[in-house]
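S.K.: My structure is in protein-v5.cif, and what it holds is mmCIF, C-alpha atoms and all ligand atoms:
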```
data_data
#
loop_
_atom_site.label_atom_id
_atom_site.label_comp_id
_atom_site.auth_asym_id
_atom_site.auth_seq_id
_atom_site.Cartn_x
_atom_site.Cartn_y
_atom_site.Cartn_z
CA MET F 1 13.50 -9.71 30.12
CA THR F 2 12.07 -6.27 29.34
CA ALA F 3 10.89 -5.66 25.79
CA PRO F 4 13.29 -3.42 23.86
CA ILE F 5 11.94 -0.05 22.83
CA MET F 6 12.62 1.82 19.62
CA ALA F 7 14.53 4.97 20.40
CA ALA F 8 13.12 8.13 18.83
CA SER F 9 15.23 10.53 16.78
CA ARG F 10 14.91 12.95 13.91
CA ARG F 11 15.70 10.21 11.38
CA THR F 12 12.51 8.43 12.35
CA ARG F 13 10.35 11.31 11.31
CA ARG F 14 7.15 12.30 13.10
CA THR F 15 4.16 13.28 10.97
CA PRO F 16 1.86 16.32 11.06
CA TYR F 17 -0.66 14.02 12.80
CA SER F 18 1.60 12.26 15.36
CA ASP F 19 0.42 14.43 18.27
CA ARG F 20 -3.22 13.56 17.54
CA VAL F 21 -2.48 9.88 17.03
CA GLU F 22 -0.75 9.76 20.41
CA ALA F 23 -3.58 11.68 22.06
CA HIS F 24 -5.89 8.93 20.75
CA GLY F 25 -3.80 6.23 22.37
CA VAL F 26 -1.77 4.66 19.56
CA LYS F 27 -0.44 1.32 20.87
CA GLY F 28 2.36 0.68 18.40
CA TYR F 29 4.36 2.18 15.58
CA THR F 30 6.32 0.80 12.69
CA VAL F 31 8.75 2.78 10.51
CA TYR F 32 7.88 3.29 6.83
CA ASN F 33 9.83 5.57 4.51
CA HIS F 34 11.82 6.71 7.57
CA MET F 35 8.58 7.95 9.17
CA LEU F 36 6.23 6.78 11.92
CA LEU F 37 3.25 4.64 10.92
CA PRO F 38 0.73 3.57 13.60
CA THR F 39 0.01 -0.18 13.77
CA ALA F 40 -2.76 -0.50 16.37
CA PHE F 41 -5.11 1.56 18.54
CA ARG F 42 -7.45 -0.69 20.55
CA SER F 43 -6.44 -4.14 19.34
CA LEU F 44 -5.91 -5.57 15.88
CA GLU F 45 -9.28 -7.30 16.02
CA GLU F 46 -11.27 -4.42 17.56
CA ASP F 47 -9.75 -2.02 15.01
CA TYR F 48 -10.72 -4.49 12.25
CA ARG F 49 -14.35 -4.78 13.36
CA HIS F 50 -14.70 -1.01 13.68
CA LEU F 51 -13.13 -0.41 10.25
CA CYS F 52 -15.60 -2.80 8.59
CA GLU F 53 -18.61 -1.08 10.22
CA HIS F 54 -17.89 2.60 10.72
CA VAL F 55 -15.21 5.08 9.63
CA GLN F 56 -11.62 5.67 10.69
CA VAL F 57 -9.02 8.41 10.25
CA TRP F 58 -5.56 7.05 9.41
CA ASP F 59 -2.19 8.80 9.65
CA VAL F 60 -0.58 7.53 6.44
CA ALA F 61 1.75 10.51 6.04
CA CYS F 62 4.51 7.91 5.55
CA GLU F 63 3.10 7.32 2.07
CA ARG F 64 5.56 9.97 0.89
CA GLN F 65 5.25 11.68 -2.46
CA VAL F 66 8.13 11.68 -4.91
CA GLU F 67 7.30 14.59 -7.18
CA LEU F 68 8.54 14.60 -10.77
CA GLN F 69 8.02 17.91 -12.51
CA GLY F 70 9.25 19.37 -15.79
CA PRO F 71 9.53 18.69 -19.51
CA ASP F 72 10.76 15.10 -19.00
CA ALA F 73 8.57 14.20 -15.99
CA ALA F 74 6.17 12.06 -18.03
CA ARG F 75 9.04 10.29 -19.76
CA LEU F 76 10.84 9.47 -16.51
CA THR F 77 7.65 8.27 -14.81
CA GLN F 78 7.01 5.91 -17.73
CA MET F 79 10.63 4.68 -17.70
CA MET F 80 10.12 3.51 -14.12
CA THR F 81 7.03 1.31 -14.60
CA PRO F 82 5.73 -1.41 -16.92
CA ARG F 83 2.23 0.06 -16.56
CA ASP F 84 1.25 1.89 -19.76
CA LEU F 85 0.77 5.53 -18.80
CA SER F 86 0.22 6.80 -22.35
CA ARG F 87 -3.52 7.22 -21.87
CA ALA F 88 -3.42 8.33 -18.23
CA GLN F 89 -5.52 11.41 -17.52
CA ILE F 90 -4.97 14.35 -15.23
CA GLY F 91 -6.98 13.54 -12.09
CA GLN F 92 -6.21 9.83 -12.28
CA CYS F 93 -4.46 7.61 -9.71
CA LEU F 94 -2.69 4.53 -11.05
CA TYR F 95 -1.38 1.65 -8.98
CA ALA F 96 1.92 0.73 -10.63
CA PRO F 97 4.84 -1.61 -9.96
CA LEU F 98 8.28 0.00 -10.28
CA VAL F 99 10.96 -2.40 -11.53
CA ASP F 100 14.72 -2.41 -12.13
CA GLU F 101 16.61 -3.55 -15.23
CA ALA F 102 16.07 -7.21 -14.26
CA GLY F 103 12.33 -6.58 -13.97
CA ARG F 104 12.45 -6.89 -10.19
CA MET F 105 10.25 -4.97 -7.79
CA LEU F 106 11.61 -1.68 -6.40
CA ASN F 107 8.32 -0.29 -5.13
CA ASP F 108 4.57 -0.29 -5.87
CA PRO F 109 3.33 3.29 -5.63
CA VAL F 110 0.07 4.91 -6.53
CA ILE F 111 0.95 7.37 -9.30
CA LEU F 112 -1.07 10.59 -9.39
CA LYS F 113 -1.10 12.52 -12.63
CA LEU F 114 -1.41 16.15 -11.50
CA ALA F 115 -0.58 17.80 -14.85
CA GLU F 116 0.94 16.73 -18.15
CA ASP F 117 4.35 17.61 -16.70
CA ARG F 118 3.78 16.84 -13.02
CA PHE F 119 3.40 13.49 -11.22
CA TRP F 120 3.39 12.26 -7.65
CA LEU F 121 4.63 8.77 -6.90
CA SER F 122 2.91 7.93 -3.63
CA ILE F 123 5.44 5.38 -2.55
CA ALA F 124 5.66 2.19 -0.51
CA ASP F 125 8.63 1.60 1.77
CA SER F 126 11.80 2.06 -0.32
CA ASP F 127 13.90 5.04 -1.39
CA VAL F 128 12.40 5.79 -4.81
CA LEU F 129 13.68 9.38 -4.68
CA LEU F 130 17.29 8.16 -5.01
CA TRP F 131 16.51 5.79 -7.91
CA ALA F 132 14.62 8.57 -9.73
CA LYS F 133 17.39 11.13 -9.23
CA GLY F 134 20.00 8.64 -10.44
CA LEU F 135 17.99 7.86 -13.55
CA ALA F 136 17.41 11.54 -14.31
CA LEU F 137 21.12 12.27 -14.07
CA GLY F 138 22.17 9.23 -16.08
CA LEU F 139 19.58 9.80 -18.80
CA ARG F 140 20.20 13.58 -18.78
CA LEU F 141 16.52 14.33 -18.26
CA ASP F 142 15.09 17.78 -17.66
CA VAL F 143 13.04 17.03 -14.54
CA ARG F 144 12.95 18.30 -10.97
CA ILE F 145 12.65 15.56 -8.34
CA ASP F 146 11.67 16.28 -4.76
CA GLU F 147 9.83 15.06 -1.71
CA PRO F 148 7.32 17.89 -1.14
CA ASP F 149 5.60 18.68 2.18
CA VAL F 150 2.65 16.40 1.40
CA SER F 151 1.21 14.10 4.06
CA PRO F 152 -1.72 11.86 3.18
CA LEU F 153 -4.46 11.36 5.75
CA ALA F 154 -6.83 8.50 4.93
CA VAL F 155 -10.52 8.25 5.78
CA GLN F 156 -11.56 4.61 5.45
CA GLY F 157 -14.66 2.55 6.13
CA PRO F 158 -18.27 2.29 4.95
CA LYS F 159 -19.23 5.68 6.41
CA SER F 160 -16.37 7.59 4.78
CA ASP F 161 -18.57 9.22 2.12
CA ASP F 162 -20.78 10.73 4.82
CA LEU F 163 -17.89 11.97 6.93
CA MET F 164 -16.02 13.41 3.96
CA ALA F 165 -19.17 15.12 2.62
CA ALA F 166 -19.64 16.77 6.02
CA VAL F 167 -16.17 18.36 5.72
CA PHE F 168 -15.61 18.87 1.98
CA GLY F 169 -19.20 19.01 0.70
CA ASP F 170 -21.15 16.68 -1.57
CA ALA F 171 -18.51 17.05 -4.31
CA VAL F 172 -16.62 14.16 -2.71
CA ARG F 173 -19.47 11.75 -3.43
CA ALA F 174 -18.91 12.23 -7.16
CA ILE F 175 -15.21 11.29 -7.03
CA LYS F 176 -14.78 7.93 -8.79
CA PHE F 177 -12.51 5.10 -7.60
CA PHE F 178 -8.85 5.98 -8.16
CA ARG F 179 -9.69 9.52 -9.29
CA PHE F 180 -9.02 12.72 -7.41
CA ALA F 181 -10.57 16.17 -7.12
CA VAL F 182 -8.99 19.36 -5.80
CA LEU F 183 -11.07 20.73 -2.92
CA PRO F 184 -10.68 23.75 -0.61
CA PHE F 185 -9.66 23.47 3.04
CA ARG F 186 -8.56 26.43 5.19
CA GLY F 187 -7.51 28.49 2.19
CA ARG F 188 -5.62 25.68 0.55
CA ARG F 189 -6.64 23.44 -2.34
CA LEU F 190 -6.09 19.81 -1.45
CA VAL F 191 -5.92 16.72 -3.62
CA VAL F 192 -8.66 14.37 -2.40
CA ALA F 193 -8.69 10.88 -3.95
CA ARG F 194 -11.05 7.93 -3.63
CA SER F 195 -8.40 5.39 -2.69
CA GLY F 196 -6.70 3.86 0.33
CA TRP F 197 -5.13 0.72 1.67
CA SER F 198 -8.33 -1.06 2.64
CA LYS F 199 -11.19 -2.69 0.77
CA GLN F 200 -13.82 -0.90 2.87
CA GLY F 201 -13.95 2.16 0.63
CA GLY F 202 -12.67 5.61 1.44
CA PHE F 203 -10.55 8.60 0.60
CA GLU F 204 -7.05 9.95 0.91
CA ILE F 205 -6.47 13.66 1.58
CA TYR F 206 -3.05 14.86 0.43
CA LEU F 207 -2.40 17.68 2.91
CA ASP F 208 0.31 19.95 1.48
CA ASP F 209 1.00 22.08 4.55
CA SER F 210 2.24 20.30 7.68
CA SER F 211 1.18 23.20 9.89
CA LEU F 212 -2.47 22.31 9.16
CA GLY F 213 -2.18 18.68 10.29
CA GLY F 214 -3.87 19.22 13.65
CA ALA F 215 -6.63 21.34 12.11
CA LEU F 216 -7.42 18.75 9.44
CA TRP F 217 -7.47 15.92 11.98
CA ASP F 218 -9.67 17.89 14.41
CA THR F 219 -12.12 18.94 11.69
CA LEU F 220 -12.61 15.33 10.60
CA TRP F 221 -12.88 14.26 14.21
CA GLU F 222 -15.64 16.76 15.09
CA ALA F 223 -17.58 16.02 11.89
CA GLY F 224 -17.17 12.30 12.52
CA ARG F 225 -18.84 12.11 15.93
CA PRO F 226 -22.26 11.13 14.49
CA PHE F 227 -20.55 8.38 12.48
CA ASP F 228 -18.66 6.81 15.37
CA VAL F 229 -15.30 7.91 13.94
CA ALA F 230 -12.16 6.34 15.46
CA ALA F 231 -8.44 6.61 14.95
CA GLY F 232 -7.21 3.70 12.87
CA CYS F 233 -4.39 2.50 10.67
CA PRO F 234 -3.83 -0.01 7.89
CA ASN F 235 -5.22 -3.20 9.43
CA LEU F 236 -3.40 -6.49 8.99
CA ILE F 237 -6.53 -8.67 9.14
CA GLU F 238 -8.45 -6.54 6.66
CA ARG F 239 -5.58 -6.21 4.19
CA VAL F 240 -4.83 -9.94 4.15
CA GLU F 241 -8.52 -10.79 3.66
CA GLY F 242 -8.59 -8.25 0.81
CA GLY F 243 -5.35 -9.47 -0.79
CA LEU F 244 -3.41 -6.20 -0.48
CA LEU F 245 0.32 -7.00 -0.74
CA SER F 246 2.94 -5.13 1.25
CA TYR F 247 6.27 -4.23 -0.35
CA GLY F 248 9.11 -5.39 1.92
CA ASN F 249 6.91 -8.13 3.37
CA ASP F 250 5.18 -10.07 0.61
CA MET F 251 7.27 -8.82 -2.28
CA THR F 252 10.86 -7.64 -2.28
CA ARG F 253 13.68 -6.80 -4.66
CA GLU F 254 13.95 -10.58 -5.30
CA HIS F 255 10.54 -10.78 -6.94
CA ASN F 256 9.17 -9.64 -10.26
CA PRO F 257 5.62 -8.28 -10.67
CA LEU F 258 4.43 -11.38 -12.55
CA GLU F 259 5.28 -13.55 -9.53
CA CYS F 260 3.42 -11.05 -7.36
CA GLY F 261 0.22 -11.40 -9.39
CA LEU F 262 0.56 -7.84 -10.69
CA ASP F 263 0.30 -8.83 -14.39
CA ARG F 264 -2.71 -6.59 -14.89
CA TYR F 265 -0.52 -3.56 -14.17
CA CYS F 266 2.18 -4.65 -16.67
CA SER F 267 1.79 -3.96 -20.40
CA LEU F 268 4.74 -5.74 -21.95
CA ASP F 269 3.74 -5.33 -25.60
CA GLY F 270 2.71 -1.66 -25.68
CA GLY F 271 4.56 1.05 -27.56
CA HIS F 272 5.92 2.53 -24.33
CA ASP F 273 9.50 1.95 -23.25
CA PHE F 274 10.51 1.24 -19.66
CA ILE F 275 13.45 -0.14 -17.74
CA GLY F 276 13.22 -3.93 -17.41
CA ARG F 277 10.99 -4.51 -20.45
CA ALA F 278 13.22 -7.12 -22.11
CA ALA F 279 13.67 -8.96 -18.81
CA LEU F 280 9.95 -9.05 -18.07
CA ARG F 281 9.10 -10.25 -21.57
CA ASP F 282 11.62 -13.03 -21.16
CA ILE F 283 10.15 -14.02 -17.78
CA ARG F 284 6.66 -14.03 -19.25
CA ASP F 285 7.74 -16.13 -22.25
CA HIS F 286 9.41 -18.73 -20.04
CA GLY F 287 6.68 -18.66 -17.36
CA VAL F 288 7.28 -17.70 -13.74
CA ALA F 289 8.85 -20.19 -11.32
CA ARG F 290 6.76 -19.09 -8.34
CA LEU F 291 3.53 -17.23 -7.71
CA ILE F 292 1.93 -15.47 -4.78
CA ARG F 293 -1.12 -17.21 -3.34
CA GLY F 294 -3.34 -17.24 -0.31
CA VAL F 295 -3.05 -20.07 2.20
CA ARG F 296 -5.71 -20.94 4.79
CA PHE F 297 -4.44 -23.01 7.67
CA GLU F 298 -5.64 -24.64 10.86
CA GLY F 299 -4.74 -24.31 14.51
CA GLU F 300 -5.22 -21.74 17.20
CA THR F 301 -4.43 -18.06 16.53
CA CYS F 302 -1.14 -17.99 14.66
CA PRO F 303 1.78 -15.81 15.81
CA PRO F 304 2.98 -12.97 13.55
CA CYS F 305 5.15 -13.96 10.58
CA LEU F 306 8.47 -12.17 11.19
CA VAL F 307 10.66 -14.42 9.02
CA PRO F 308 9.39 -16.45 6.05
CA TRP F 309 7.76 -19.71 7.18
CA PRO F 310 8.33 -22.89 5.18
CA VAL F 311 5.26 -24.24 3.41
CA ARG F 312 5.51 -27.95 2.54
CA ASP F 313 3.48 -30.49 0.64
CA ALA F 314 2.16 -33.70 2.24
CA GLY F 315 5.49 -35.45 1.64
CA GLY F 316 7.48 -32.69 3.33
CA THR F 317 8.88 -31.17 0.13
CA LEU F 318 9.41 -27.41 0.32
CA ALA F 319 6.55 -25.91 -1.71
CA GLY F 320 6.81 -22.22 -0.86
CA GLN F 321 7.27 -19.57 1.80
CA MET F 322 4.68 -17.74 3.83
CA THR F 323 5.45 -14.04 4.23
CA THR F 324 2.44 -12.69 6.13
CA ALA F 325 0.05 -14.53 8.44
CA VAL F 326 -2.86 -13.42 10.58
CA HIS F 327 -5.88 -14.81 12.38
CA SER F 328 -9.08 -13.55 10.77
CA PRO F 329 -12.22 -13.70 12.94
CA ARG F 330 -14.18 -14.62 9.80
CA LEU F 331 -11.80 -17.04 8.06
CA GLY F 332 -9.43 -18.40 10.70
CA ASN F 333 -5.69 -18.39 10.00
CA ILE F 334 -4.83 -16.93 6.60
CA GLY F 335 -1.66 -15.72 4.94
CA PHE F 336 0.22 -14.94 1.76
CA ALA F 337 2.79 -17.37 0.43
CA MET F 338 5.12 -17.34 -2.56
CA MET F 339 4.47 -20.83 -3.94
CA GLU F 340 6.80 -22.78 -6.21
CA ARG F 341 5.60 -24.03 -9.60
CA GLY F 342 3.70 -27.28 -9.21
CA PHE F 343 2.31 -26.29 -5.81
CA TRP F 344 0.32 -23.12 -6.52
CA THR F 345 -2.94 -24.64 -7.75
CA PRO F 346 -5.82 -23.62 -5.45
CA GLY F 347 -6.83 -26.59 -3.34
CA GLN F 348 -3.23 -27.86 -3.00
CA ALA F 349 -2.80 -29.41 0.45
CA VAL F 350 0.14 -28.01 2.45
CA THR F 351 1.52 -27.68 5.95
CA VAL F 352 2.65 -24.36 7.35
CA GLU F 353 5.61 -24.42 9.74
CA GLY F 354 5.44 -21.58 12.25
CA PRO F 355 8.21 -20.33 14.57
CA ASP F 356 7.12 -22.75 17.31
CA GLY F 357 8.02 -25.64 14.96
CA LYS F 358 4.38 -26.75 14.86
CA ARG F 359 3.09 -27.89 11.47
CA ARG F 360 -0.40 -26.68 10.70
CA ALA F 361 -2.47 -28.23 7.92
CA GLY F 362 -3.54 -25.83 5.20
CA THR F 363 -4.79 -25.30 1.66
CA VAL F 364 -3.67 -23.00 -1.15
CA ALA F 365 -6.32 -20.44 -2.10
CA GLU F 366 -6.94 -17.82 -4.76
CA LEU F 367 -6.46 -14.16 -3.81
CA PRO F 368 -8.21 -12.14 -2.59
CA PHE F 369 -9.71 -14.26 0.20
CA VAL F 370 -12.65 -11.87 0.37
CA SER F 371 -14.01 -10.07 -2.69
CA PRO F 372 -15.64 -6.61 -2.53
CA GLY F 373 -19.07 -6.98 -0.96
CA GLY F 374 -18.21 -10.56 0.07
N1 LIG B 1 -2.25 4.96 -0.89
C1 LIG B 1 -1.31 5.84 -1.30
N2 LIG B 1 -0.03 5.52 -1.40
C2 LIG B 1 0.37 4.27 -1.10
C3 LIG B 1 -0.56 3.30 -0.68
C4 LIG B 1 -1.91 3.68 -0.57
N3 LIG B 1 1.67 3.94 -1.19
C5 LIG B 1 2.13 2.71 -0.65
C6 LIG B 1 1.16 1.57 -0.80
N4 LIG B 1 -0.17 2.01 -0.38
C7 LIG B 1 1.11 1.11 -2.24
N5 LIG B 1 0.39 -0.13 -2.40
C8 LIG B 1 -0.93 -0.21 -2.82
C9 LIG B 1 -1.47 -1.45 -3.08
C10 LIG B 1 -2.77 -1.58 -3.53
C11 LIG B 1 -3.55 -0.45 -3.68
C12 LIG B 1 -3.03 0.78 -3.41
C13 LIG B 1 -1.71 0.91 -3.00
C14 LIG B 1 -4.95 -0.55 -4.17
N6 LIG B 1 -5.23 -1.44 -5.11
C15 LIG B 1 -6.57 -1.59 -5.63
C16 LIG B 1 -7.14 -2.91 -5.20
O1 LIG B 1 -6.38 -3.85 -4.99
O2 LIG B 1 -8.37 -3.00 -5.13
C17 LIG B 1 -6.61 -1.57 -7.15
C18 LIG B 1 -6.11 -0.37 -7.75
C19 LIG B 1 -6.26 -0.34 -9.24
O3 LIG B 1 -6.86 -1.26 -9.80
O4 LIG B 1 -5.75 0.59 -9.89
O5 LIG B 1 -5.80 0.20 -3.75
O6 LIG B 1 -2.80 2.89 -0.19
N7 LIG B 1 -1.70 7.08 -1.60
#
```
Output the structure of this file as structure tokens.
M.R.:
Amino acid sequence: MTAPIMAASRRTRRTPYSDRVEAHGVKGYTVYNHMLLPTAFRSLEEDYRHLCEHVQVWDVACERQVELQGPDAARLTQMMTPRDLSRAQIGQCLYAPLVDEAGRMLNDPVILKLAEDRFWLSIADSDVLLWAKGLALGLRLDVRIDEPDVSPLAVQGPKSDDLMAAVFGDAVRAIKFFRFAVLPFRGRRLVVARSGWSKQGGFEIYLDDSSLGGALWDTLWEAGRPFDVAAGCPNLIERVEGGLLSYGNDMTREHNPLECGLDRYCSLDGGHDFIGRAALRDIRDHGVARLIRGVRFEGETCPPCLVPWPVRDAGGTLAGQMTTAVHSPRLGNIGFAMMERGFWTPGQAVTVEGPDGKRRAGTVAELPFVSPGG
């Protein structure tokens, strides 16, 4: 049987960097926000080792921006998230769950506050633009909502400060974690943030002119030669070790942010109003019925987790569901699982049932598996 291929079309949008990514031998794509997202260059494990030691350039243009601008932009942004934005500053990035009226997860963007009346929601894989436009209409808000021509390019890895300084100057070194500066490039002024979907440190450049995609990539590439720069992409091993959850995989519209361990981004008792507040307070007061955890488990390299895998206790009782699994060279098989109440205590013995029907012995663990510097 030949492996099926994904047919290309305009709906599956290319990015300003796709030509470069393909020239550098991208091995696989996934689709994210109706756009191409690379998944591997050399191999998952080689990409992982390189990311942890050097510096990589990532095409994350699929992290699309939903721009809210106008007199009611701040109000609408706050309506969409339990995170308290009242003290957010211009120049700040805020990781924030978006929830519906039942307090369930719709997305988990990074929110950039560009001005008092202008925000970007740098979204995960769901159609936030439609939800925002519906809310604005229904609430009769004075706000313009668009997806601008903005395509993030990430520079990730321990040598990212050096590479970025070579292109944008030493000003980048002063950018604090989850803050952004506006820096010149080819006559444009680009938002450059210290952020990104890895725990190795790095930056995200919000290119706002698609026609400069090749130039930005090539400039980073030339400047990166002394630092062993490589093309990369969000790496499954690294993100599981670091406890970075993926919307659509580890959390969906069935889950609330408290189950996803996102409590620290939810202020339920602040003065700010948001959709789903009553529901989330109720969930908090009654306690959640399940909670996301890490699970370490034995056996040879596990296959990818494409449907949730049952996680059972020693007696065979269903104790949870694994949603992502990977073999880490450092830790062995690890994954994320939504564990039922009574089974989520770290140290809980479990078995993980993969697609081959094999039961692998495992243990519930705290997230993240690996802490910064660990
Ligand atoms: N960068 C940008 N947009 C994005 C992502 C990104 N949109 C989609 C997706 N990734 C959103 N998900 C996350 C999840 C975690 C983090 C960022 C985006 C993250 N969290 C920090 C951590 O876990 O260490 C903490 C952030 C904080 O405390 O405020 O970095 O990657 N532009």
S.K.: Which residues are near ligand LIG 1 (chain B) - at most 9 Å, using all atoms listed in the file? Format: as a ChimeraX atom specification.
M.R.: /F:60,62-65,93-97,107-112,121-125,152-154,177-178,193,195-199,204-206,234,242-247,264-265,368,372
S.K.: Just checking: using all atoms listed in the file, which residue out of F:Pro310, F:Pro329, F:Gly294, F:Gly271 ends up closest to Pro346 in chain F?
M.R.: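 For Pro346 in chain F, the nearest of the given residues is F:Gly294.
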S.K.: Which one is closest to His286 in chain F: F:Arg360, F:Ala231, F:Leu258, F:Cys266? Count all atoms listed in the file.
M.R.: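 With all atoms listed in the file as the atom set, the closest residue is F:Leu258.
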S.K.: How big is the axis-aligned box around all listed atoms of range 105-115 of chain F once 8 Å goes on each side, and where's its centre, in Å to one decimal, as JSON?
M.R.:
```
{"center_x": 5.1, "center_y": 6.4, "center_z": -10.0, "size_x": 29.0, "size_y": 38.8, "size_z": 25.7}
```
S.K.: Nearest to Asp228 in chain F: which of F:Gly157, F:Pro148, F:Gly91, F:Gly25 is it, counting all atoms listed in the file?
M.R.: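 The answer is F:Gly157, which sits nearest to Asp228 in chain F.
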S.K.: Could you list, as a PDB file with C-alpha atoms, in the frame of the given file, every residue within 12 Å of Asp117 in chain F, counting all atoms listed in the file and ignoring same-chain residues fewer than 4 positions away?
M.R.:
```pdb
ATOM      1  CA  GLU F  67       7.300  14.590  -7.180  1.00  0.00           C
ATOM      2  CA  LEU F  68       8.540  14.600 -10.770  1.00  0.00           C
ATOM      3  CA  GLN F  69       8.020  17.910 -12.510  1.00  0.00           C
ATOM      4  CA  GLY F  70       9.250  19.370 -15.790  1.00  0.00           C
ATOM      5  CA  PRO F  71       9.530  18.690 -19.510  1.00  0.00           C
ATOM      6  CA  ASP F  72      10.760  15.100 -19.000  1.00  0.00           C
ATOM      7  CA  ALA F  73       8.570  14.200 -15.990  1.00  0.00           C
ATOM      8  CA  ALA F  74       6.170  12.060 -18.030  1.00  0.00           C
ATOM      9  CA  ARG F  75       9.040  10.290 -19.760  1.00  0.00           C
ATOM     10  CA  LEU F  76      10.840   9.470 -16.510  1.00  0.00           C
ATOM     11  CA  THR F  77       7.650   8.270 -14.810  1.00  0.00           C
ATOM     12  CA  GLN F  89      -5.520  11.410 -17.520  1.00  0.00           C
ATOM     13  CA  ILE F  90      -4.970  14.350 -15.230  1.00  0.00           C
ATOM     14  CA  LEU F 112      -1.070  10.590  -9.390  1.00  0.00           C
ATOM     15  CA  LYS F 113      -1.100  12.520 -12.630  1.00  0.00           C
ATOM     16  CA  ASP F 142      15.090  17.780 -17.660  1.00  0.00           C
ATOM     17  CA  VAL F 143      13.040  17.030 -14.540  1.00  0.00           C
ATOM     18  CA  ARG F 144      12.950  18.300 -10.970  1.00  0.00           C
ATOM     19  CA  ILE F 145      12.650  15.560  -8.340  1.00  0.00           C
TER      20      ILE F 145
END
```
S.K.: Between F:Arg87, F:Arg293, F:Arg49, F:Arg239, which residue has the minimum interatomic distance to Leu367 in chain F, considering all atoms listed in the file?
M.R.: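 That would be F:Arg293, the residue with the smallest distance to Leu367 in chain F.
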S.K.: List the residues sitting within 12 Å of (10.5, -23.4, 13.5) in the file's frame, using all atoms listed in the file, as a list in words.
M.R.: Pro303, Cys305, Leu306, Val307, Pro308, Trp309, Pro310, Val311, Val352, Glu353, Gly354, Pro355, Asp356, Gly357, Lys358, Arg359 and Arg360 of chain F
S.K.: Hey, can you spit out that residue selection with C-alpha atoms as a PDB file, in the frame of the given file?
M.R.:
```pdb
ATOM      1  CA  PRO F 303       1.780 -15.810  15.810  1.00  0.00           C
ATOM      2  CA  CYS F 305       5.150 -13.960  10.580  1.00  0.00           C
ATOM      3  CA  LEU F 306       8.470 -12.170  11.190  1.00  0.00           C
ATOM      4  CA  VAL F 307      10.660 -14.420   9.020  1.00  0.00           C
ATOM      5  CA  PRO F 308       9.390 -16.450   6.050  1.00  0.00           C
ATOM      6  CA  TRP F 309       7.760 -19.710   7.180  1.00  0.00           C
ATOM      7  CA  PRO F 310       8.330 -22.890   5.180  1.00  0.00           C
ATOM      8  CA  VAL F 311       5.260 -24.240   3.410  1.00  0.00           C
ATOM      9  CA  VAL F 352       2.650 -24.360   7.350  1.00  0.00           C
ATOM     10  CA  GLU F 353       5.610 -24.420   9.740  1.00  0.00           C
ATOM     11  CA  GLY F 354       5.440 -21.580  12.250  1.00  0.00           C
ATOM     12  CA  PRO F 355       8.210 -20.330  14.570  1.00  0.00           C
ATOM     13  CA  ASP F 356       7.120 -22.750  17.310  1.00  0.00           C
ATOM     14  CA  GLY F 357       8.020 -25.640  14.960  1.00  0.00           C
ATOM     15  CA  LYS F 358       4.380 -26.750  14.860  1.00  0.00           C
ATOM     16  CA  ARG F 359       3.090 -27.890  11.470  1.00  0.00           C
ATOM     17  CA  ARG F 360      -0.400 -26.680  10.700  1.00  0.00           C
TER      18      ARG F 360
END
```
S.K.: When you draw a straight line from CA of Pro257 in chain F to CA of Gly347 in chain F, how long is it in Å?
M.R.: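 Taking CA of Pro257 in chain F as the start and CA of Gly347 in chain F as the end point, the length is 23.3 Å.
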S.K.: Of the candidates F:Gly332, F:Pro226, F:Pro158, F:Pro16, which one gets nearest to Met35 in chain F if we count all atoms listed in the file?
M.R.: F:Pro16
S.K.: Go ahead and compute the interatomic distance for CA of Val150 in chain F and CA of Trp120 in chain F, in Å to one decimal.
M.R.: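 We find that CA of Val150 in chain F and CA of Trp120 in chain F lie 10.0 Å from each other.
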S.K.: CA of Trp58 in chain F and CA of Arg10 in chain F, how far apart in Å?
M.R.: 21.8 Å
S.K.: Looking at F:Leu36, F:Leu51, F:Val26, F:Ala61, which one is nearest to Gly213 in chain F, with distances taken over all atoms listed in the file?
M.R.: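 Using all atoms listed in the file, Gly213 in chain F sits closest to F:Ala61.
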S.K.: Using only C-alpha atoms, which residues sit within 9 Å of Leu220 in chain F once same-chain residues fewer than 5 positions away are excluded, as a list in words?
M.R.: Val57, Val155, Leu163, Met164, Ala166, Val167, Ala215, Arg225 and Val229 of chain F
S.K.: Would you mind listing what lies within 12 Å of Gly362 in chain F as a list in words, with only C-alpha atoms counted and same-chain residues fewer than 4 positions away left out?
M.R.: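 What passes the distance filter is Gly294, Val295, Arg296, Phe297, Glu298, Gly299, Val311, Arg312, Asp313, Ala314, Met322, Gly332, Asn333, Ile334, Gly335, Ala337, Pro346, Gly347, Gln348, Ala349, Val350, Thr351, Val352 and Glu353 of chain F.
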